[in-house]
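Participant: Input file: protein10.cif. Contents: mmCIF, C-alpha atoms.
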data_data
#
loop_
_atom_site.label_atom_id
_atom_site.label_comp_id
_atom_site.auth_asym_id
_atom_site.auth_seq_id
_atom_site.Cartn_x
_atom_site.Cartn_y
_atom_site.Cartn_z
CA MET A 1411 11.34 11.42 -26.34
CA ARG A 1412 8.04 9.62 -26.64
CA PHE A 1413 7.91 5.85 -26.59
CA ARG A 1414 4.96 3.78 -27.69
CA PHE A 1415 5.59 1.09 -25.11
CA CYS A 1416 5.36 3.76 -22.39
CA GLY A 1417 2.01 4.91 -23.72
CA ASP A 1418 3.44 7.77 -25.83
CA LEU A 1419 5.10 9.27 -22.77
CA ASP A 1420 8.71 9.65 -21.68
CA CYS A 1421 10.48 6.54 -20.52
CA PRO A 1422 10.79 6.53 -16.68
CA ASP A 1423 14.27 7.40 -15.42
CA TRP A 1424 14.72 4.17 -13.49
CA VAL A 1425 14.01 2.08 -16.61
CA LEU A 1426 16.62 4.05 -18.51
CA ALA A 1427 19.11 3.47 -15.72
CA GLU A 1428 18.55 -0.29 -15.61
CA ILE A 1429 18.92 -0.85 -19.38
CA SER A 1430 22.66 -0.92 -18.83
CA THR A 1431 22.17 -3.63 -16.16
CA LEU A 1432 20.27 -5.72 -18.72
CA ALA A 1433 23.11 -5.34 -21.21
CA LYS A 1434 25.49 -7.05 -18.75
CA ILE A 1435 23.75 -10.42 -19.14
CA SER A 1436 24.24 -12.45 -22.31
CA SER A 1437 21.31 -12.27 -24.75
CA VAL A 1438 20.60 -16.01 -24.42
CA LYS A 1439 20.32 -15.76 -20.63
CA LEU A 1440 18.19 -12.62 -20.99
CA LYS A 1441 15.71 -14.56 -23.14
CA LEU A 1442 15.45 -17.26 -20.43
CA ILE A 1443 14.94 -14.66 -17.68
CA CYS A 1444 12.24 -13.07 -19.87
CA ALA A 1445 10.45 -16.42 -20.02
CA GLN A 1446 10.44 -16.56 -16.20
CA VAL A 1447 9.16 -12.97 -15.88
CA LEU A 1448 6.40 -13.70 -18.43
CA LYS A 1449 5.36 -16.71 -16.34
CA ASP A 1450 5.18 -14.48 -13.28
CA LEU A 1451 3.11 -11.84 -15.07
CA GLN A 1452 0.62 -14.55 -16.07
CA GLY A 1453 0.27 -15.49 -12.42
CA GLU A 1454 2.17 -18.80 -12.60
CA GLY A 1455 4.76 -17.78 -10.00
CA ILE A 1456 8.44 -17.04 -10.47
CA ASP A 1457 11.44 -19.34 -9.98
CA TYR A 1458 13.78 -16.94 -8.22
CA GLU A 1459 16.49 -19.59 -7.83
CA LYS A 1460 16.66 -20.07 -11.60
CA ILE A 1461 17.05 -16.36 -12.16
CA LEU A 1462 19.80 -16.20 -9.53
CA LYS A 1463 21.63 -18.99 -11.37
CA LEU A 1464 21.24 -17.25 -14.73
CA THR A 1465 22.59 -13.98 -13.37
CA SER A 1466 25.43 -15.52 -11.39
CA ASP A 1467 27.85 -15.22 -14.35
CA ALA A 1468 27.34 -11.49 -14.53
CA ARG A 1469 28.04 -11.38 -10.80
CA PHE A 1470 24.89 -9.50 -9.90
CA GLU A 1471 24.15 -8.34 -6.39
CA SER A 1472 20.68 -9.04 -4.99
CA GLY A 1473 19.70 -5.44 -5.78
CA ASP A 1474 20.70 -5.91 -9.44
CA VAL A 1475 18.68 -9.13 -9.74
CA LYS A 1476 15.58 -7.43 -8.34
CA ALA A 1477 16.13 -4.44 -10.64
CA THR A 1478 16.40 -6.76 -13.66
CA ILE A 1479 13.12 -8.50 -12.80
CA ALA A 1480 11.42 -5.14 -12.15
CA VAL A 1481 12.53 -3.53 -15.39
CA LEU A 1482 11.62 -6.61 -17.47
CA SER A 1483 8.18 -6.78 -15.78
CA PHE A 1484 7.63 -3.13 -16.60
CA ILE A 1485 8.74 -3.37 -20.24
CA LEU A 1486 6.73 -6.53 -20.99
CA SER A 1487 3.51 -5.54 -19.18
CA SER A 1488 3.62 -1.98 -20.49
CA ALA A 1489 4.16 -3.18 -24.07
CA ALA A 1490 1.21 -5.60 -23.72
CA LYS A 1491 -0.90 -2.84 -22.17
CA HIS A 1492 -0.42 -0.57 -25.18
CA SER A 1493 -0.56 -3.42 -27.75
CA VAL A 1494 2.90 -2.72 -29.11
CA ASP A 1495 4.12 -5.23 -31.71
CA GLY A 1496 7.49 -6.97 -31.30
CA ASP A 1497 9.36 -5.03 -34.00
CA SER A 1498 8.38 -1.59 -32.67
CA LEU A 1499 9.34 -2.68 -29.15
CA SER A 1500 12.69 -3.93 -30.41
CA SER A 1501 13.52 -0.67 -32.17
CA GLU A 1502 12.41 1.44 -29.19
CA LEU A 1503 14.54 -0.64 -26.78
CA GLN A 1504 17.52 -0.24 -29.10
CA GLN A 1505 16.93 3.53 -29.05
CA LEU A 1506 17.21 3.33 -25.25
CA GLY A 1507 20.58 1.66 -25.56
CA LEU A 1508 19.82 -2.05 -25.33
CA PRO A 1509 22.13 -4.03 -27.68
CA LYS A 1510 20.52 -5.45 -30.84
CA GLU A 1511 20.70 -9.18 -29.93
CA HIS A 1512 19.27 -8.52 -26.46
CA ALA A 1513 16.39 -6.48 -27.90
CA THR A 1514 15.62 -9.08 -30.58
CA GLY A 1515 15.66 -11.94 -28.07
CA LEU A 1516 13.46 -10.05 -25.63
CA CYS A 1517 10.95 -9.15 -28.33
CA ARG A 1518 10.80 -12.69 -29.66
CA SER A 1519 9.84 -13.95 -26.15
CA TYR A 1520 7.33 -11.10 -25.94
CA GLU A 1521 5.72 -11.86 -29.29
CA GLU A 1522 5.21 -15.53 -28.40
CA LYS A 1523 3.37 -14.67 -25.23
CA GLN A 1524 1.74 -11.38 -26.16
CA ILE A 1525 -1.82 -12.69 -26.59
CA PRO A 1526 -1.93 -14.82 -23.40
CA LEU A 1527 -0.38 -11.93 -21.47
CA GLN A 1528 -3.02 -9.52 -22.75
CA ASP A 1529 -5.73 -12.03 -21.81
CA CYS A 1530 -4.36 -12.17 -18.26
CA LEU A 1531 -4.24 -8.39 -18.01
CA ARG A 1532 -7.80 -8.20 -19.32
CA ALA A 1533 -8.95 -10.71 -16.68
CA CYS A 1534 -7.46 -8.77 -13.78
CA SER A 1535 -8.83 -5.40 -14.92
CA LEU A 1536 -11.01 -3.60 -12.42
CA ARG A 1537 -14.31 -5.37 -11.82
CA LEU A 1538 -16.59 -4.32 -9.01
CA ASN A 1539 -18.33 -7.61 -8.54
CA ARG A 1540 -19.44 -10.48 -10.72
CA LEU A 1541 -22.19 -13.04 -10.85
CA ASP A 1542 -20.91 -16.47 -9.90
CA SER A 1543 -24.03 -18.58 -10.34
CA VAL A 1544 -27.83 -18.48 -10.32
CA SER A 1545 -30.21 -21.01 -8.84
CA TRP A 1546 -33.99 -20.96 -9.04
CA ARG A 1547 -37.09 -22.69 -7.79
CA VAL A 1548 -40.77 -22.37 -8.75
CA ASP A 1549 -43.34 -22.71 -6.00
CA GLN A 1550 -47.11 -22.64 -6.05
CA THR A 1551 -48.71 -20.62 -3.23
CA LEU A 1552 -51.82 -22.53 -2.20
CA SER A 1553 -53.24 -20.41 0.56
CA SER A 1554 -52.37 -17.53 2.89
CA SER A 1555 -53.58 -15.81 6.05
CA GLU A 1556 -55.30 -13.17 3.87
CA LEU A 1557 -57.02 -15.36 1.32
CA GLN A 1558 -57.89 -19.02 1.55
CA GLN A 1559 -57.45 -19.96 -2.13
CA VAL A 1560 -54.42 -18.21 -3.64
CA ASN A 1561 -53.07 -20.69 -6.24
CA GLU A 1562 -50.37 -18.54 -7.69
CA PRO A 1563 -46.90 -19.47 -8.92
CA LEU A 1564 -43.86 -17.86 -7.34
CA VAL A 1565 -40.25 -17.88 -8.52
CA HIS A 1566 -37.34 -17.95 -6.02
CA LEU A 1567 -34.10 -16.67 -7.45
CA LYS A 1568 -30.72 -16.89 -5.71
CA PHE A 1569 -27.75 -14.98 -7.16
CA ASN A 1570 -24.26 -15.79 -5.88
CA VAL A 1571 -22.28 -12.56 -6.19
CA ARG A 1572 -18.52 -12.62 -5.96
CA ASP A 1573 -16.72 -9.56 -4.63
CA GLY A 1574 -14.49 -7.66 -7.08
CA ASP A 1575 -11.14 -8.86 -5.75
CA GLY A 1576 -12.09 -12.50 -6.17
CA GLY A 1577 -13.07 -12.62 -2.52
CA VAL A 1578 -16.07 -14.00 -0.73
CA THR A 1579 -19.20 -15.14 -2.55
CA GLU A 1580 -22.36 -13.67 -1.08
CA PRO A 1581 -25.83 -15.05 -1.81
CA PHE A 1582 -28.61 -12.69 -2.76
CA ALA A 1583 -32.11 -14.16 -2.83
CA ILE A 1584 -35.39 -12.70 -4.10
CA THR A 1585 -38.89 -13.97 -4.79
CA VAL A 1586 -40.69 -12.78 -7.92
CA SER A 1587 -44.36 -13.08 -8.86
CA ALA A 1588 -45.30 -14.43 -12.29
CA GLU A 1589 -46.01 -11.04 -13.98
CA LYS A 1590 -42.98 -9.34 -12.56
CA PHE A 1591 -40.88 -12.28 -13.64
CA ARG A 1592 -42.22 -12.02 -17.21
CA VAL A 1593 -41.27 -8.35 -17.30
CA LEU A 1594 -37.80 -9.13 -15.91
CA LEU A 1595 -37.24 -11.86 -18.46
CA GLU A 1596 -38.37 -9.66 -21.38
CA GLU A 1597 -36.06 -6.78 -20.36
CA LEU A 1598 -33.11 -9.11 -19.90
CA ARG A 1599 -33.77 -10.66 -23.34
CA GLN A 1600 -33.65 -7.18 -24.87
CA ALA A 1601 -30.36 -6.47 -23.10
CA GLN A 1602 -28.97 -9.79 -24.34
CA ALA A 1603 -29.98 -8.96 -27.94
CA MET A 1604 -28.16 -5.64 -27.62
CA MET A 1605 -25.02 -7.36 -26.27
CA LYS A 1606 -25.13 -9.79 -29.22
CA THR A 1607 -25.13 -6.93 -31.73
CA LEU A 1608 -22.01 -5.49 -30.04
CA ASN A 1609 -20.15 -8.75 -30.16
CA MET B 1352 12.93 26.12 29.29
CA LEU B 1353 13.06 24.13 32.48
CA LEU B 1354 11.39 20.81 33.12
CA VAL B 1355 9.08 20.88 36.12
CA LEU B 1356 9.06 17.48 37.81
CA SER B 1357 6.09 16.45 39.92
CA GLU B 1358 6.58 15.26 43.51
CA GLU B 1359 5.67 11.71 42.56
CA HIS B 1360 8.18 11.78 39.72
CA LYS B 1361 10.89 13.08 42.05
CA GLU B 1362 10.05 10.29 44.48
CA HIS B 1363 10.38 7.65 41.77
CA LEU B 1364 13.70 9.03 40.63
CA GLY B 1365 14.83 9.12 44.26
CA PHE B 1366 15.81 5.47 43.88
CA LEU B 1367 18.62 6.27 41.45
CA PRO B 1368 21.22 7.70 43.89
CA ARG B 1369 20.86 4.54 45.99
CA VAL B 1370 22.60 2.40 43.36
CA ASP B 1371 25.95 2.92 41.68
CA SER B 1372 26.38 4.57 38.32
CA ALA B 1373 26.84 1.33 36.37
CA VAL B 1374 23.35 0.29 37.42
CA VAL B 1375 21.94 3.71 36.49
CA GLY B 1376 23.55 3.33 33.08
CA GLU B 1377 21.93 -0.10 32.79
CA PHE B 1378 18.53 1.37 33.74
CA GLY B 1379 19.02 4.01 31.07
CA ARG B 1380 19.70 1.33 28.48
CA ILE B 1381 16.60 -0.61 29.60
CA ALA B 1382 14.50 2.59 29.43
CA VAL B 1383 15.51 3.28 25.80
CA GLU B 1384 15.00 -0.38 24.88
CA PHE B 1385 11.47 -0.20 26.31
CA LEU B 1386 10.81 2.90 24.22
CA ARG B 1387 11.95 1.03 21.14
CA LYS B 1388 10.19 -2.27 21.64
CA GLY B 1389 7.73 -2.01 24.53
CA THR B 1390 8.03 -2.94 28.21
CA ASN B 1391 9.04 -6.35 29.53
CA PRO B 1392 8.06 -6.79 33.21
CA LYS B 1393 10.36 -9.80 33.63
CA ILE B 1394 13.37 -7.49 33.54
CA TYR B 1395 12.03 -5.70 36.63
CA GLU B 1396 11.84 -9.00 38.50
CA ALA B 1397 15.40 -9.98 37.56
CA ALA B 1398 16.79 -6.59 38.54
CA ALA B 1399 14.83 -6.60 41.82
CA ARG B 1400 16.29 -9.93 42.78
CA LYS B 1401 19.86 -8.83 41.96
CA LEU B 1402 19.62 -5.55 43.86
CA ASN B 1403 17.54 -7.00 46.69
CA VAL B 1404 14.74 -4.44 46.54
CA ASN B 1405 11.04 -4.48 45.72
CA SER B 1406 10.38 -4.88 41.96
CA GLU B 1407 7.88 -2.01 42.14
CA ILE B 1408 10.66 0.39 43.16
CA ILE B 1409 12.71 -0.73 40.18
CA GLN B 1410 9.71 -0.25 37.89
CA HIS B 1411 9.13 3.27 39.20
CA GLY B 1412 12.80 4.08 38.80
CA VAL B 1413 12.92 2.94 35.17
CA GLU B 1414 9.58 4.59 34.36
CA GLY B 1415 10.71 7.83 36.00
CA LEU B 1416 13.88 7.74 33.92
CA THR B 1417 11.88 7.01 30.74
CA TYR B 1418 9.54 9.92 31.43
CA LEU B 1419 12.46 12.25 32.12
CA LEU B 1420 14.06 11.29 28.80
CA THR B 1421 10.88 11.53 26.71
CA GLU B 1422 9.86 14.90 28.17
CA SER B 1423 13.34 16.32 27.64
CA SER B 1424 13.54 14.95 24.08
CA LYS B 1425 10.01 16.12 23.28
CA LEU B 1426 10.78 19.70 24.32
CA MET B 1427 14.31 19.50 22.90
CA ILE B 1428 15.69 21.33 25.95
CA SER B 1429 19.27 22.53 25.92
CA GLU B 1430 22.06 20.96 28.00
CA ILE B 1431 22.03 23.78 30.53
CA ASP B 1432 18.27 23.58 30.98
CA PHE B 1433 18.48 19.82 31.45
CA GLN B 1434 21.21 20.19 34.05
CA ASP B 1435 19.22 22.86 35.91
CA SER B 1436 16.08 20.72 35.82
CA VAL B 1437 17.93 17.74 37.24
CA LEU B 1438 19.68 19.88 39.87
CA VAL B 1439 16.33 20.11 41.66
CA LEU B 1440 16.55 16.40 42.44
CA GLY B 1441 19.70 16.95 44.52
CA PHE B 1442 21.71 14.16 42.93
CA SER B 1443 25.49 13.88 42.97
CA GLU B 1444 27.57 15.61 40.31
CA GLU B 1445 28.49 12.24 38.79
CA LEU B 1446 24.85 11.13 38.53
CA ASN B 1447 23.86 14.45 36.95
CA LYS B 1448 26.57 14.07 34.32
CA LEU B 1449 25.47 10.49 33.65
CA LEU B 1450 21.85 11.55 33.14
CA LEU B 1451 22.93 14.38 30.83
CA GLN B 1452 25.00 11.98 28.75
CA LEU B 1453 22.08 9.57 28.57
CA TYR B 1454 19.84 12.38 27.35
CA LEU B 1455 22.26 13.64 24.70
CA ASP B 1456 23.10 10.18 23.37
CA ASN B 1457 19.49 9.05 22.92
CA ARG B 1458 17.73 12.31 22.13
CA LYS B 1459 17.63 11.87 18.35
CA GLU B 1460 16.35 8.30 18.48
CA ILE B 1461 13.68 9.09 21.06
CA ARG B 1462 12.48 12.01 18.91
CA SER B 1463 12.15 9.75 15.88
CA ILE B 1464 10.13 7.22 17.91
CA LEU B 1465 7.89 10.02 19.24
CA SER B 1466 7.30 11.34 15.71
CA GLU B 1467 5.72 7.99 14.77
CA LEU B 1468 3.03 8.47 17.40
CA ALA B 1469 1.34 11.36 15.59
CA PRO B 1470 -2.14 10.48 14.20
CA GLN B 1471 -2.10 9.48 10.58
CA LEU B 1472 -4.67 10.03 7.89
CA PRO B 1473 -5.28 7.32 5.33
CA SER B 1474 -2.59 7.58 2.69
CA TYR B 1475 -2.44 6.61 -0.96
CA HIS B 1476 -1.55 3.00 -1.63
CA GLY B 1477 -2.69 2.33 -5.20
CA LEU B 1478 -5.22 3.10 -7.89
CA GLU B 1479 -7.09 0.97 -10.43
CA TRP B 1480 -9.31 2.49 -13.09
CA ARG B 1481 -11.64 1.49 -15.88
CA LEU B 1482 -13.27 3.40 -18.76
CA ASP B 1483 -16.79 2.27 -19.70
CA VAL B 1484 -19.38 3.59 -22.12
CA GLN B 1485 -23.06 3.16 -21.32
CA LEU B 1486 -24.83 2.33 -24.59
CA ALA B 1487 -28.37 1.63 -23.42
CA SER B 1488 -30.49 1.29 -20.34
CA ARG B 1489 -33.96 -0.01 -19.65
CA SER B 1490 -35.44 3.44 -20.10
CA LEU B 1491 -33.34 4.78 -22.98
CA ARG B 1492 -31.64 3.11 -25.94
CA GLN B 1493 -29.01 4.55 -28.27
CA GLN B 1494 -27.01 6.40 -25.64
CA ILE B 1495 -23.34 7.25 -25.44
CA LYS B 1496 -22.35 7.99 -21.86
CA PRO B 1497 -18.69 7.47 -20.96
CA ALA B 1498 -17.78 6.95 -17.30
CA VAL B 1499 -14.52 6.35 -15.48
CA THR B 1500 -14.66 3.96 -12.50
CA VAL B 1501 -11.83 4.30 -10.01
CA LYS B 1502 -10.86 2.01 -7.14
CA LEU B 1503 -8.66 3.88 -4.67
CA HIS B 1504 -6.57 1.71 -2.34
CA LEU B 1505 -5.79 3.47 0.96
CA ASP B 1506 -3.47 2.51 3.78
CA GLN B 1507 -3.88 3.72 7.39
CA ASN B 1508 -1.45 2.36 9.97
CA GLY B 1509 -1.29 -0.93 8.10
CA ASP B 1510 -5.07 -1.30 7.55
CA GLN B 1511 -5.98 -1.41 3.89
CA THR B 1512 -9.30 0.01 2.76
CA THR B 1513 -10.69 0.66 -0.69
CA LYS B 1514 -12.95 3.40 -1.98
CA ILE B 1515 -14.86 3.07 -5.25
CA LEU B 1516 -15.57 6.28 -7.15
CA GLN B 1517 -17.12 7.04 -10.50
CA THR B 1518 -16.94 10.15 -12.63
CA ASP B 1519 -17.60 11.37 -16.16
CA PRO B 1520 -14.64 12.49 -18.30
CA ALA B 1521 -15.39 16.22 -17.91
CA THR B 1522 -15.18 16.03 -14.12
CA LEU B 1523 -12.06 13.90 -14.41
CA LEU B 1524 -10.39 16.55 -16.57
CA HIS B 1525 -11.36 19.21 -14.04
CA LEU B 1526 -9.92 17.03 -11.26
CA ILE B 1527 -6.64 16.61 -13.16
CA GLN B 1528 -6.48 20.34 -13.77
CA GLN B 1529 -7.00 21.13 -10.08
CA LEU B 1530 -4.34 18.62 -9.00
CA GLU B 1531 -1.86 20.00 -11.52
CA GLN B 1532 -2.55 23.49 -10.21
CA ALA B 1533 -1.87 22.20 -6.69
CA LEU B 1534 1.44 20.73 -7.81
CA GLY B 1535 2.24 23.97 -9.58
CA GLU B 1536 1.90 25.84 -6.29
CA MET B 1537 5.19 24.32 -5.16
CA LYS B 1538 6.96 26.32 -7.85
CA THR B 1539 5.65 29.73 -6.75
CA ASN B 1540 8.01 32.15 -5.03
CA HIS B 1541 6.05 31.97 -1.81
CA CYS B 1542 6.42 28.20 -1.46
CA ARG B 1543 10.03 28.25 -2.61
CA ARG B 1544 10.90 30.80 0.08
CA ILE B 1545 9.31 28.70 2.83
CA VAL B 1546 10.93 25.46 1.65
CA ARG B 1547 14.33 27.16 1.53
CA ASN B 1548 13.91 28.44 5.08
CA ILE B 1549 12.81 25.10 6.52
CA LYS B 1550 15.87 23.38 5.10
#
Translate the structure described by the file into structure tokens.
Facilitator:
Amino acid sequence: MRFRFCGDLDCPDWVLAEISTLAKISSVKLKLICAQVLKDLQGEGIDYEKILKLTSDARFESGDVKATIAVLSFILSSAAKHSVDGDSLSSELQQLGLPKEHATGLCRSYEEKQIPLQDCLRACSLRLNRLDSVSWRVDQTLSSSELQQVNEPLVHLKFNVRDGDGGVTEPFAITVSAEKFRVLLEELRQAQAMMKTLN
Amino acid sequence: MLLVLSEEHKEHLGFLPRVDSAVVGEFGRIAVEFLRKGTNPKIYEAAARKLNVNSEIIQHGVEGLTYLLTESSKLMISEIDFQDSVLVLGFSEELNKLLLQLYLDNRKEIRSILSELAPQLPSYHGLEWRLDVQLASRSLRQQIKPAVTVKLHLDQNGDQTTKILQTDPATLLHLIQQLEQALGEMKTNHCRRIVRNIK
């Protein structure tokens, strides 16, 4: 059976197995746990104590609590990944055996936070490195050991490059002569014009 | 197959008949503990004081015992071979039986510890990927060149490294095909026969 929220593939066996665990919690509590998991997926941290309190009625063991969080994280992030709308997700979850109220509650929480979640996922997509900041300085070379009167402008450029994983920022400095700098600027302007047409 | 003990080893083990069997049992326990967690020289001092001998003799005794156990476990020698190997040392019947029991009780655990010492290649930890399309470059406009960038996370003995790779979709498809063929090999009769016989 192909599910849109699994990227048009089969649903993983472990997700199927844990749907019955989700059904043991009341739909109201499930919605609250969803809110916590959504916070975690957006990088705001998870309040494990709250989830333990919400699952205490269903008398979950620690393994069940972790399974609940894992399966909800998978469903919500996978649905956001494949841009599944709330209604389709609800019907697919019901096909897997999740009761109607639980599915509706889950999908309502999902719909509220779908756009911010997708923004977060977009931000942590693979990036090799990124430009943090640029600083520049224009100097005038007056004289050198080769020629007494030089009188030429020189541009110093410093790029601060941040490593892909949000790690250390490394500086990268170059000096450019006036002509070379004009060429660089012209080429970059052409690239910028091209990026504008794509946007 | 018999264990051949060097003269020095026999000399170190020569300390064991001089103490009673409870102490030998204790040394055996210390030897296995050291194999599990690493040596602790303070224990030698404490034992030396209690038995009123030089701590170096105690250390040699425990080390000799450890070596006897690891060599026997490594080669997985049978009971009879172990008894014959130990006979060479000229110990009492009681001591021989004690050593045999020590070997049989701890053999499995020692073998599992020894298996962890084999050299390890970097193993798969995770994978991130990204699909880009190159639309233009400084030298050529109006291009369409798709490329898949992959960040492979590897784990070797706890050290995490990353490898960045890039490929075009055709090569990626070829790669997938080769890997699926490799997986398919497990289903051939040849592999099935071997797997059945190992089990």
Participant: Taking all atoms listed in the file into account, find every residue of chain B that has an atom no more than 8 Å from chain A, and write it out as a PyMOL selection string.
Facilitator: chain B and resi 1479-1481+1489+1502
Participant: Produce the centre coordinates and the three edge lengths, each in Å to one decimal, of the box along x, y and z that contains all listed atoms of segment 1402-1406 of chain B with 4 Å added on each side, as AutoDock Vina command-line options.
Facilitator:
--center_x 15.0 --center_y -5.7 --center_z 44.3 --size_x 17.2 --size_y 10.6 --size_z 12.7
Participant: Which residues, written as a JSON list (two decimals) with C-alpha atoms, in the frame of the given file, have at least one atom at most 7 Å from segment 1508-1511 of chain A, with all atoms listed in the file counted and residues fewer than 4 positions away on the same chain left out?
Facilitator:
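Output contents, as saved in out-v8.json:
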[["chain", "number", "residue", "atom", "x", "y", "z"],
["A", 1429, "ILE", "CA", 18.92, -0.85, -19.38],
["A", 1433, "ALA", "CA", 23.11, -5.34, -21.21],
["A", 1437, "SER", "CA", 21.31, -12.27, -24.75],
["A", 1503, "LEU", "CA", 14.54, -0.64, -26.78],
["A", 1504, "GLN", "CA", 17.52, -0.24, -29.10],
["A", 1515, "GLY", "CA", 15.66, -11.94, -28.07]]
Participant: Determine, counting all atoms listed in the file, every residue of protein, DNA or RNA that lies within 7 Å of (15.6, 2.5, 36.9) in the file coordinates, then give the result as an mmCIF file with C-alpha atoms, keeping the file's coordinate frame.
Facilitator:
data_model
loop_
_atom_site.group_PDB
_atom_site.id
_atom_site.type_symbol
_atom_site.label_atom_id
_atom_site.label_comp_id
_atom_site.auth_asym_id
_atom_site.auth_seq_id
_atom_site.Cartn_x
_atom_site.Cartn_y
_atom_site.Cartn_z
ATOM 1 C CA LEU B 1367 18.620 6.270 41.450
ATOM 2 C CA VAL B 1375 21.940 3.710 36.490
ATOM 3 C CA PHE B 1378 18.530 1.370 33.740
ATOM 4 C CA GLY B 1379 19.020 4.010 31.070
ATOM 5 C CA ILE B 1409 12.710 -0.730 40.180
ATOM 6 C CA GLN B 1410 9.710 -0.250 37.890
ATOM 7 C CA HIS B 1411 9.130 3.270 39.200
ATOM 8 C CA GLY B 1412 12.800 4.080 38.800
ATOM 9 C CA VAL B 1413 12.920 2.940 35.170
ATOM 10 C CA GLU B 1414 9.580 4.590 34.360
ATOM 11 C CA LEU B 1416 13.880 7.740 33.920
#
Participant: Contacts of Arg1540 of chain A at 9 Å or less, counting only C-alpha atoms, minus same-chain residues fewer than 3 places along, as a ChimeraX atom specification?
Facilitator: /A:1537,1570-1574,1576
Participant: For Arg1532 of chain A, list every protein, DNA or RNA residue within 12 Å, evaluated using all atoms listed in the file, and leave out those in the same chain fewer than 4 positions away; present the list as a ChimeraX atom specification.
Facilitator: /A:1452,1487,1490-1491,1525-1528,1536-1537 /B:1481
Participant: Can those selected residues be exported to a file as a PDB file, keeping the file's coordinate frame so that it contains C-alpha atoms?
Facilitator:
ATOM      1  CA  GLN A1452       0.620 -14.550 -16.070  1.00  0.00           C
ATOM      2  CA  SER A1487       3.510  -5.540 -19.180  1.00  0.00           C
ATOM      3  CA  ALA A1490       1.210  -5.600 -23.720  1.00  0.00           C
ATOM      4  CA  LYS A1491      -0.900  -2.840 -22.170  1.00  0.00           C
ATOM      5  CA  ILE A1525      -1.820 -12.690 -26.590  1.00  0.00           C
ATOM      6  CA  PRO A1526      -1.930 -14.820 -23.400  1.00  0.00           C
ATOM      7  CA  LEU A1527      -0.380 -11.930 -21.470  1.00  0.00           C
ATOM      8  CA  GLN A1528      -3.020  -9.520 -22.750  1.00  0.00           C
ATOM      9  CA  LEU A1536     -11.010  -3.600 -12.420  1.00  0.00           C
ATOM     10  CA  ARG A1537     -14.310  -5.370 -11.820  1.00  0.00           C
TER      11      ARG A1537
ATOM     12  CA  ARG B1481     -11.640   1.490 -15.880  1.00  0.00           C
TER      13      ARG B1481
END
Participant: On this structure, the PyMOL selection byres ((chain A and resi 1461) around 9) would catch which residues? List them as a tab-separated table (two decimals) with C-alpha atoms, in the coordinates of the input, sorted by chain and number.
Facilitator:
chain	number	residue	atom	x	y	z
A	1442	LEU	CA	15.45	-17.26	-20.43
A	1443	ILE	CA	14.94	-14.66	-17.68
A	1446	GLN	CA	10.44	-16.56	-16.20
A	1456	ILE	CA	8.44	-17.04	-10.47
A	1457	ASP	CA	11.44	-19.34	-9.98
A	1458	TYR	CA	13.78	-16.94	-8.22
A	1459	GLU	CA	16.49	-19.59	-7.83
A	1460	LYS	CA	16.66	-20.07	-11.60
A	1462	LEU	CA	19.80	-16.20	-9.53
A	1463	LYS	CA	21.63	-18.99	-11.37
A	1464	LEU	CA	21.24	-17.25	-14.73
A	1465	THR	CA	22.59	-13.98	-13.37
A	1466	SER	CA	25.43	-15.52	-11.39
A	1475	VAL	CA	18.68	-9.13	-9.74
A	1479	ILE	CA	13.12	-8.50	-12.80
Participant: Could you state the separation of atom CA of Ser1501 of chain A and atom CA of Cys1416 of chain A in Å, given to one decimal place?
Facilitator: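 Interatomic distance, atom CA of Ser1501 of chain A to atom CA of Cys1416 of chain A: 13.5 Å.
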Participant: Hey, what's within 7 Å of segment 1493-1498 of chain A if we count all atoms listed in the file and toss same-chain stuff fewer than 2 positions away? As a list in words, please?
Facilitator: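 Those residues are Arg1414, Phe1415, Ala1489, Ala1490, Lys1491, Ser1500, Ser1501, Glu1502, Cys1517, Arg1518, Tyr1520 and Glu1521 of chain A.
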Participant: Any chance you could work out the residue set of the PyMOL selection byres ((chain A and resi 1544) around 6) here, as a list of chain:residue names?
Facilitator: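 With the PyMOL selection byres ((chain A and resi 1544) around 6) on this model, the match is A:Ser1543, A:Ser1545, A:Lys1568, A:Phe1569.
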Participant: Quick check, in Å to one decimal: how far apart do atom CA of Leu1594 of chain A and atom CA of Asp1483 of chain B lie?
Facilitator: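 Result for atom CA of Leu1594 of chain A versus atom CA of Asp1483 of chain B: 24.2 Å, one decimal.
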Participant: Give me, please, the distance in Å between atom CA of Leu1482 of chain B and atom CA of Thr1500 of chain B, quoted to one decimal.
Facilitator: 6.4 Å
Participant: Specify as a PyMOL selection string each residue included when the PyMOL selection byres ((chain B and resi 1446) around 12) is applied to this file.
Facilitator: chain B and resi 1364-1376+1379+1434+1437-1438+1440-1445+1447-1453
Participant: Compile the contact shell of segment 1584-1588 of chain A as a VMD selection string: residues with an atom at most 6 Å away, counting all atoms listed in the file, same-chain residues fewer than 3 positions apart removed.
Facilitator: chain A and resid 1564 to 1567 1591
Participant: Would you mind telling me which residue in B:Lys1459, B:Arg1492, B:His1476, B:Lys1550 lies nearest to Gly1509 of chain B when using all atoms listed in the file?
Facilitator: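 Answer, going by the shortest atom-to-atom distance: B:His1476.
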